[in-house]
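As structure tokens, the structure follows; a few thoughts come after it.
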Amino acid sequence: MATKTKERASAAPQEAPAPTKSPKVQGNGATPLPEDLLKRLYGYMLKCRTVEEKARTLFKQGRFAGNYYAAVGQEATEVGCTIDLKPEDTIAPAHRDFIANIMKGTPLNLMFAQLYARKTSPDQGRSSPAHCGYAPLNVITPASTIAAQLNIGVGVALAYKMKKQDNVCVALSGDGSTSLGFWHEALNFAGVQKLPIVFVVQNNMWAESVSVKLQTAVEDLSVKAQAYGFPGITVDGNDVVAVYRVAQEAIHRARIGDGPTLIEAKTYRWYGHSEIDPAKYRSPEEVEYWKSKDPIPAMERYLAKHNMWSDKFKEDLLTKINQEIEEAVQFAENSPYPEPEEALDHVYSFSIRDRELNRKAWTCSTPSPASSK
Amino acid sequence: MALSTYIDAITSALAEEMRRDERVFILGEDVGVMGGVFKATKGLQEEFGAERVMDTPLAEGVIISSAIGAAMQGLRPVPEIQFSDFVTPAMDAITQQAAKLRYRSAGSQTCPMTVRICYGGGVGGGLYHSQTNTTWFIHEPGLVVLAPGTVYDAKGLLKSAIRDDNPVIFFEHKKLYRSIKEEIPDEDFTVPIGKAAVRREGKHLTAISYGYTLQLTLQAAEKMKDKGVEVEVVDLRTLSPLDKDTILQSVSKTNRCVIIHEDHRTLGVGAEISAIIAEEAFDCLDAPIMRVTAPDVPAIPFSAPLEKFYMPSVEKIITAFDRILEY
């Protein structure tokens with residue numbers, strides 16, 4: 001694949017391939033995706049959206065504390081680049097990628113226990129809500145530090161390469177992260193070592209309150225890949241089919257040893273940086289424009305156009321999703337909080353409880369020779 | 001038994017651990033073809049290949065971060081930071097990621113790695129090739145911090161570090177590399193992490209140190225013998241978590257304590273040890289605790305008289321001993 005720094009990949013709905021049984025090449029050079037896959041892409045977006053809106057509601061109701069960082073509006077990007085990863089593959093998420101857990105298969109019960117900071121969560125109540133990781137399926141527990149996950153993801157990919165495994169790492173970051181030196185160190189080393197990693201920048205145009213125009217002087221963040229010797233591509237991040245196609249090629253390249261890819265997905269977060277941010281730095285017109293580009297109805301129209309749609313399909317999906325969410329909320333609310341002293345656990349491979357809780361009182365064991373002079 | 005320098009002990013520990021465990025690999029600046037700026041990894045790329053002794057880009061942040069990621073996937077990385085002065089670009093990786101990964105994932109994700117850092121002054125290295133900076137890492141629970149002051153410990157502690165399941169910061173003093181020699185066993189041996197060593201028994205005062213200043217402290221203790229003073233010398237070896245029992249046991253016996261280290265005075269390990277003694281063994285003290293440390297200046301100045309003023313010395317340590325005995 002040549003470096004496609006200025007290319008904009010887009011497949012749906014504007015450039016949707018015509019429905020056909022024969023896999024002949026369409027206008028954009030791609031064969032249509034199978035119906036089952038298209039429906040799963042849609043179903044996952046719907047699940048991610050529903051879970052996040054529920055999380056926002058629960059937070060606003062005061063049913064869990066802290067904060068929440070919603071990726072609502074960015075579902076096409078999250079789903080398109082993480083669907084169908086292997087359990088052994090790693091996702092290196094940022095703070096806004098709670099729903100990446102859904103894509104990897106983290107049980108929803110555990111994700112909601114994480115929001116509620118309960119003992120039953122994967123981190124046993126330690127990390128902030130939405131900073132959910134899951135070791136059994138290789139979702140790195142996120143930190144709030146920006147871009148660090150890319151560098152750790154590079155190390156994961158280095159281990160895959162050294163162990164001659166065909167696993168890949170999908171490392172997620174935002175437009176703000178590209179300003180950090182750390183972001184560039186990660187891409188540089190991955191390029192030098194041709195590591196099996198896909199860097200996905202979800203360019204939602206705002207790093208908290210700062211416009212991407214103040215982060216970088218380039219139009220497309222994907223051009224930065226040129227400096228590191230591997231392909232970079234910008235894709236419509238609200239077009240799940242386009243994101244999927246680009247991500248699949250990048251993941252395939254990584255698996256066969258062809259090295260990293262940088263994907264910039266241009267998208268938008270509907271809400272503030274977090275639930276306590278009213279996001280007054282953005283114009284209502286801008287928000288409305290992007291809401292009109294909502295990836296979920298766009299995909300509904302795409303499916304309808306290809307005779308794959310029925311309202312019942314969505315109703316059935318939502319019934320199942322809402323039932324799973326209700327069970328997860330119940331599980332979380334019925335789960336115990338950690339015991340206070342558990343704050344002392346998991347510092348080292350050995351326990352420090354005794355050291356912290358049971359201090360010895362030392363007394364003079366011998367009279368001092370010096371003072372008896 | 002064979003006579004070994006401190007740096008040869010490190011090189012042989014690395015080689016033996018890499019032969020023992022194929023998950024162990026080295027990465028860093030100049031560690032491969034060149035064998036390290038101090039030659040600590042000399043000959044290792046020839047034996048183990050360019051992948052297991054990897055020359056990396058000049059970027060400490062990704063050197064440490066990629067070691068964290070590789071460790072998460074079951075490898076045992078041993079990244080090298082050429083000079084402690086240059087560890088700062090990796091501080092996010094070490095303090096925010098390595099130190100906190102186990103904690104933030106409730107033990108489900110860990111990064112067993114050994115970060116070798118060359119540190120210390122007294123070699124005319126100037127501001128940016130002489131810094132100590134051990135204190136920064138002692139302040140980060142989640143990290144094990146080691147600083148051997150003998151040849152035997154350099155080898156035994158490095159082996160323990162590589163086999164340990166925690167992220168370990170392993171401080172090697174550059175002035176010790178070729179200035180001390182010891183007979184060490186040919187067969188495999190390790191030194192326990194978390195245990196201080198009593199290097200010399202005594203009853204009149206306890207002197208606590210580590211690394212290069214341990215050697216100065218031992219010389220000072222030897223000179224005190226002429227005055228009839230028996231100094232007990234405690235070698236911390238593990239700077240975090242501190243072996244409080246050995247420290248307090250010794251102080252409860254001698255009732256007097258001097259702490260010697262090369263890092264700055266304010267909030268150095270000496271401050272923490274003083275606080276521990278004050279909190280847990282106050283009744284044992286017959287005199288104030290004293291510290292012999294570097295002054296609170298930003299770094300070691302280059303010009304020889306300035307550097308001499310900065311560094312702890314045998315004379316400064318003896319002066320502190322005398323003062324505390326006269327109290």
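Naming scheme: A, B, ... for chains in displayed order of the structure tokens; residues 1 onward per chain; ligands 1 onward as shown.
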Output as a PyMOL selection string the set of chain A residues within 8 Å of chain B, with distances taken over only C-alpha atoms.
chain A and resi 122-124+126-127+133+135+140-141+143+145+148+151-160+162+182+185-186+189+345-349+359-371
Just to be explicit: take each residue in the selection above, keep N, CA and C atoms, and write the result as a tab-separated table (two decimals), in the first residue's frame.
```
chain	number	residue	atom	x	y	z
A	122	PRO	N	-13.07	-4.99	37.02
A	122	PRO	CA	-11.74	-5.52	36.70
A	122	PRO	C	-10.62	-4.86	37.51
A	123	ASP	N	-10.80	-3.60	37.89
A	123	ASP	CA	-9.75	-2.92	38.66
A	123	ASP	C	-10.14	-2.79	40.15
A	124	GLN	N	-11.20	-3.48	40.52
A	124	GLN	CA	-11.63	-3.51	41.93
A	124	GLN	C	-11.80	-2.10	42.52
A	126	ARG	N	-10.52	0.90	41.42
A	126	ARG	CA	-9.37	1.80	41.52
A	126	ARG	C	-9.40	2.95	40.51
A	127	SER	N	-9.68	2.63	39.25
A	127	SER	CA	-9.58	3.66	38.21
A	127	SER	C	-10.85	4.50	38.14
A	133	GLY	N	-10.27	-1.33	31.82
A	133	GLY	CA	-9.42	-2.28	31.11
A	133	GLY	C	-9.88	-3.68	31.43
A	135	ALA	N	-7.88	-7.46	31.45
A	135	ALA	CA	-6.69	-8.25	31.15
A	135	ALA	C	-6.98	-9.52	30.34
A	140	ILE	N	-5.78	-2.81	27.62
A	140	ILE	CA	-4.91	-2.21	28.62
A	140	ILE	C	-5.72	-1.26	29.50
A	141	THR	N	-5.56	-1.36	30.80
A	141	THR	CA	-6.26	-0.46	31.71
A	141	THR	C	-5.79	0.97	31.46
A	143	ALA	N	-4.91	4.98	31.50
A	143	ALA	CA	-4.55	6.04	32.43
A	143	ALA	C	-5.14	7.33	31.87
A	145	THR	N	-3.23	9.90	31.49
A	145	THR	CA	-2.10	10.51	30.78
A	145	THR	C	-2.32	10.33	29.28
A	148	ALA	N	0.42	8.06	26.35
A	148	ALA	CA	1.27	7.02	26.94
A	148	ALA	C	0.87	5.63	26.46
A	151	ASN	N	2.73	4.28	23.41
A	151	ASN	CA	4.08	3.79	23.63
A	151	ASN	C	4.07	2.41	24.27
A	152	ILE	N	3.13	2.19	25.18
A	152	ILE	CA	3.01	0.86	25.77
A	152	ILE	C	2.53	-0.12	24.70
A	153	GLY	N	1.60	0.35	23.86
A	153	GLY	CA	1.13	-0.48	22.75
A	153	GLY	C	2.27	-0.88	21.82
A	154	VAL	N	3.21	0.02	21.62
A	154	VAL	CA	4.38	-0.28	20.80
A	154	VAL	C	5.18	-1.43	21.43
A	155	GLY	N	5.28	-1.43	22.74
A	155	GLY	CA	5.98	-2.52	23.43
A	155	GLY	C	5.23	-3.84	23.31
A	156	VAL	N	3.91	-3.77	23.38
A	156	VAL	CA	3.10	-4.98	23.17
A	156	VAL	C	3.37	-5.53	21.77
A	157	ALA	N	3.36	-4.64	20.78
A	157	ALA	CA	3.61	-5.06	19.40
A	157	ALA	C	5.03	-5.60	19.24
A	158	LEU	N	5.97	-5.00	19.95
A	158	LEU	CA	7.36	-5.49	19.91
A	158	LEU	C	7.42	-6.93	20.42
A	159	ALA	N	6.68	-7.20	21.50
A	159	ALA	CA	6.66	-8.57	22.05
A	159	ALA	C	6.02	-9.53	21.05
A	160	TYR	N	4.94	-9.11	20.39
A	160	TYR	CA	4.31	-9.97	19.36
A	160	TYR	C	5.33	-10.32	18.28
A	162	MET	N	8.67	-10.22	18.49
A	162	MET	CA	9.78	-11.05	19.01
A	162	MET	C	9.34	-12.49	19.22
A	182	PHE	N	5.60	12.31	23.07
A	182	PHE	CA	5.39	10.88	23.29
A	182	PHE	C	4.70	10.21	22.10
A	185	GLU	N	7.32	9.67	19.49
A	185	GLU	CA	8.26	8.60	19.86
A	185	GLU	C	7.67	7.24	19.54
A	186	ALA	N	6.38	7.09	19.81
A	186	ALA	CA	5.72	5.80	19.58
A	186	ALA	C	5.72	5.47	18.09
A	189	PHE	N	9.39	4.71	16.68
A	189	PHE	CA	9.97	3.40	17.02
A	189	PHE	C	9.20	2.29	16.30
A	345	ASP	N	-3.61	-2.79	48.65
A	345	ASP	CA	-3.28	-4.00	47.88
A	345	ASP	C	-2.82	-3.66	46.46
A	346	HIS	N	-2.12	-4.63	45.86
A	346	HIS	CA	-1.67	-4.54	44.46
A	346	HIS	C	-0.71	-3.39	44.21
A	347	VAL	N	0.09	-3.07	45.21
A	347	VAL	CA	1.17	-2.11	45.02
A	347	VAL	C	2.38	-2.84	44.42
A	348	TYR	N	2.69	-3.97	45.03
A	348	TYR	CA	3.78	-4.85	44.56
A	348	TYR	C	3.23	-6.27	44.41
A	349	SER	N	4.09	-7.17	43.99
A	349	SER	CA	3.71	-8.58	43.93
A	349	SER	C	3.57	-9.16	45.34
A	359	ARG	N	2.82	-1.14	62.76
A	359	ARG	CA	4.15	-0.59	63.00
A	359	ARG	C	4.67	-1.04	64.35
A	360	LYS	N	5.95	-1.42	64.36
A	360	LYS	CA	6.55	-1.83	65.63
A	360	LYS	C	7.00	-0.59	66.40
A	361	ALA	N	6.94	-0.67	67.72
A	361	ALA	CA	7.52	0.39	68.55
A	361	ALA	C	8.85	-0.13	69.09
A	362	TRP	N	9.92	0.49	68.64
A	362	TRP	CA	11.25	0.01	69.05
A	362	TRP	C	11.66	0.73	70.33
A	363	THR	N	12.29	-0.04	71.21
A	363	THR	CA	12.85	0.57	72.41
A	363	THR	C	14.33	0.26	72.45
A	364	CYS	N	15.02	0.99	73.29
A	364	CYS	CA	16.46	0.85	73.38
A	364	CYS	C	16.82	-0.55	73.87
A	365	SER	N	17.58	-1.29	73.06
A	365	SER	CA	17.90	-2.67	73.43
A	365	SER	C	19.13	-2.75	74.32
A	366	THR	N	20.02	-1.78	74.23
A	366	THR	CA	21.21	-1.78	75.09
A	366	THR	C	21.47	-0.36	75.55
A	367	PRO	N	22.02	-0.18	76.73
A	367	PRO	CA	22.42	1.17	77.14
A	367	PRO	C	23.50	1.68	76.19
A	368	SER	N	23.44	2.94	75.86
A	368	SER	CA	24.41	3.47	74.92
A	368	SER	C	25.79	3.56	75.55
A	369	PRO	N	26.81	2.94	74.92
A	369	PRO	CA	28.17	3.06	75.46
A	369	PRO	C	28.63	4.51	75.47
A	370	ALA	N	28.23	5.27	74.49
A	370	ALA	CA	28.68	6.65	74.40
A	370	ALA	C	28.14	7.47	75.57
A	371	SER	N	26.86	7.27	75.92
A	371	SER	CA	26.27	8.09	76.98
A	371	SER	C	26.69	7.63	78.36
```
Give me the residues near Phe38 (chain B) as a ChimeraX atom specification, where near means some atom within 9 Å (using only C-alpha atoms) and where sequence neighbours in that chain fewer than 6 positions away do not count.
/B:7,82,174,177
Residues of region 44-171 of chain A in strand (DSSP E or B), written as a ChimeraX atom specification
/A:90-92,134,139,169-171
Kindly save the residues from that selection, with N, CA and C atoms included, as a PDB file, in the first residue's frame.
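Output file selection.pdb is given in full below:
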```
ATOM      1  N   THR A  90      -4.377  -6.807  21.179  1.00  0.00           N
ATOM      2  CA  THR A  90      -4.471  -5.826  22.267  1.00  0.00           C
ATOM      3  C   THR A  90      -5.126  -4.539  21.771  1.00  0.00           C
ATOM      4  N   ILE A  91      -5.969  -3.967  22.619  1.00  0.00           N
ATOM      5  CA  ILE A  91      -6.400  -2.582  22.401  1.00  0.00           C
ATOM      6  C   ILE A  91      -5.719  -1.724  23.460  1.00  0.00           C
ATOM      7  N   ALA A  92      -5.068  -0.652  23.007  1.00  0.00           N
ATOM      8  CA  ALA A  92      -4.465   0.325  23.914  1.00  0.00           C
ATOM      9  C   ALA A  92      -5.364   1.563  23.893  1.00  0.00           C
ATOM     10  N   TYR A 134      -9.345  -4.651  30.682  1.00  0.00           N
ATOM     11  CA  TYR A 134      -9.755  -6.028  30.932  1.00  0.00           C
ATOM     12  C   TYR A 134      -8.639  -6.960  30.478  1.00  0.00           C
ATOM     13  N   VAL A 139      -7.294  -5.712  26.955  1.00  0.00           N
ATOM     14  CA  VAL A 139      -7.588  -4.278  26.897  1.00  0.00           C
ATOM     15  C   VAL A 139      -6.753  -3.637  28.008  1.00  0.00           C
ATOM     16  N   CYS A 169      -1.755  -4.890  17.714  1.00  0.00           N
ATOM     17  CA  CYS A 169      -2.211  -3.934  18.714  1.00  0.00           C
ATOM     18  C   CYS A 169      -2.915  -2.785  17.990  1.00  0.00           C
ATOM     19  N   VAL A 170      -4.116  -2.447  18.435  1.00  0.00           N
ATOM     20  CA  VAL A 170      -4.804  -1.256  17.935  1.00  0.00           C
ATOM     21  C   VAL A 170      -4.709  -0.198  19.026  1.00  0.00           C
ATOM     22  N   ALA A 171      -3.992   0.874  18.718  1.00  0.00           N
ATOM     23  CA  ALA A 171      -3.727   1.913  19.711  1.00  0.00           C
ATOM     24  C   ALA A 171      -4.569   3.142  19.386  1.00  0.00           C
TER      25      ALA A 171
END
```
Just the helix (DSSP H, G or I) stuff from region 20-225 of chain B, please, per backbone DSSP, written as a PyMOL selection string.
chain B and resi 20+44-48+60-72+84-86+88-104+134-138+151-163+211-225
Contact residues around Lys291 (chain A) with only C-alpha atoms at 10 Å, ignoring same-chain residues under 3 positions, as a VMD selection string
chain A and resid 73 268 to 270 285 to 288 294 to 295
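Here CA of Ala113 (chain A) stands at a distance of 10.5 Å from CA of Ala130 (chain A).
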What lies within 9 Å of Ala197 (chain B) using only C-alpha atoms, ignoring chain neighbours under 6 positions off, as a PDB file with N, CA and C atoms, in the first residue's frame?
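Saved as selection24.pdb:
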```
ATOM      1  N   VAL B 233      27.905  -0.335  60.189  1.00  0.00           N
ATOM      2  CA  VAL B 233      27.582   0.205  58.860  1.00  0.00           C
ATOM      3  C   VAL B 233      26.449  -0.612  58.236  1.00  0.00           C
ATOM      4  N   VAL B 234      25.350   0.079  57.955  1.00  0.00           N
ATOM      5  CA  VAL B 234      24.206  -0.564  57.300  1.00  0.00           C
ATOM      6  C   VAL B 234      24.182  -0.143  55.834  1.00  0.00           C
ATOM      7  N   ASP B 235      24.202  -1.142  54.965  1.00  0.00           N
ATOM      8  CA  ASP B 235      24.105  -0.907  53.518  1.00  0.00           C
ATOM      9  C   ASP B 235      22.654  -1.119  53.113  1.00  0.00           C
ATOM     10  N   LEU B 236      21.986  -0.052  52.698  1.00  0.00           N
ATOM     11  CA  LEU B 236      20.551  -0.166  52.379  1.00  0.00           C
ATOM     12  C   LEU B 236      20.288  -1.153  51.241  1.00  0.00           C
ATOM     13  N   ARG B 237      21.074  -1.075  50.192  1.00  0.00           N
ATOM     14  CA  ARG B 237      20.944  -1.921  48.983  1.00  0.00           C
ATOM     15  C   ARG B 237      19.597  -1.753  48.287  1.00  0.00           C
ATOM     16  N   THR B 246      16.011  -3.713  59.786  1.00  0.00           N
ATOM     17  CA  THR B 246      17.473  -3.716  59.940  1.00  0.00           C
ATOM     18  C   THR B 246      17.963  -2.350  60.423  1.00  0.00           C
TER      19      THR B 246
END
```
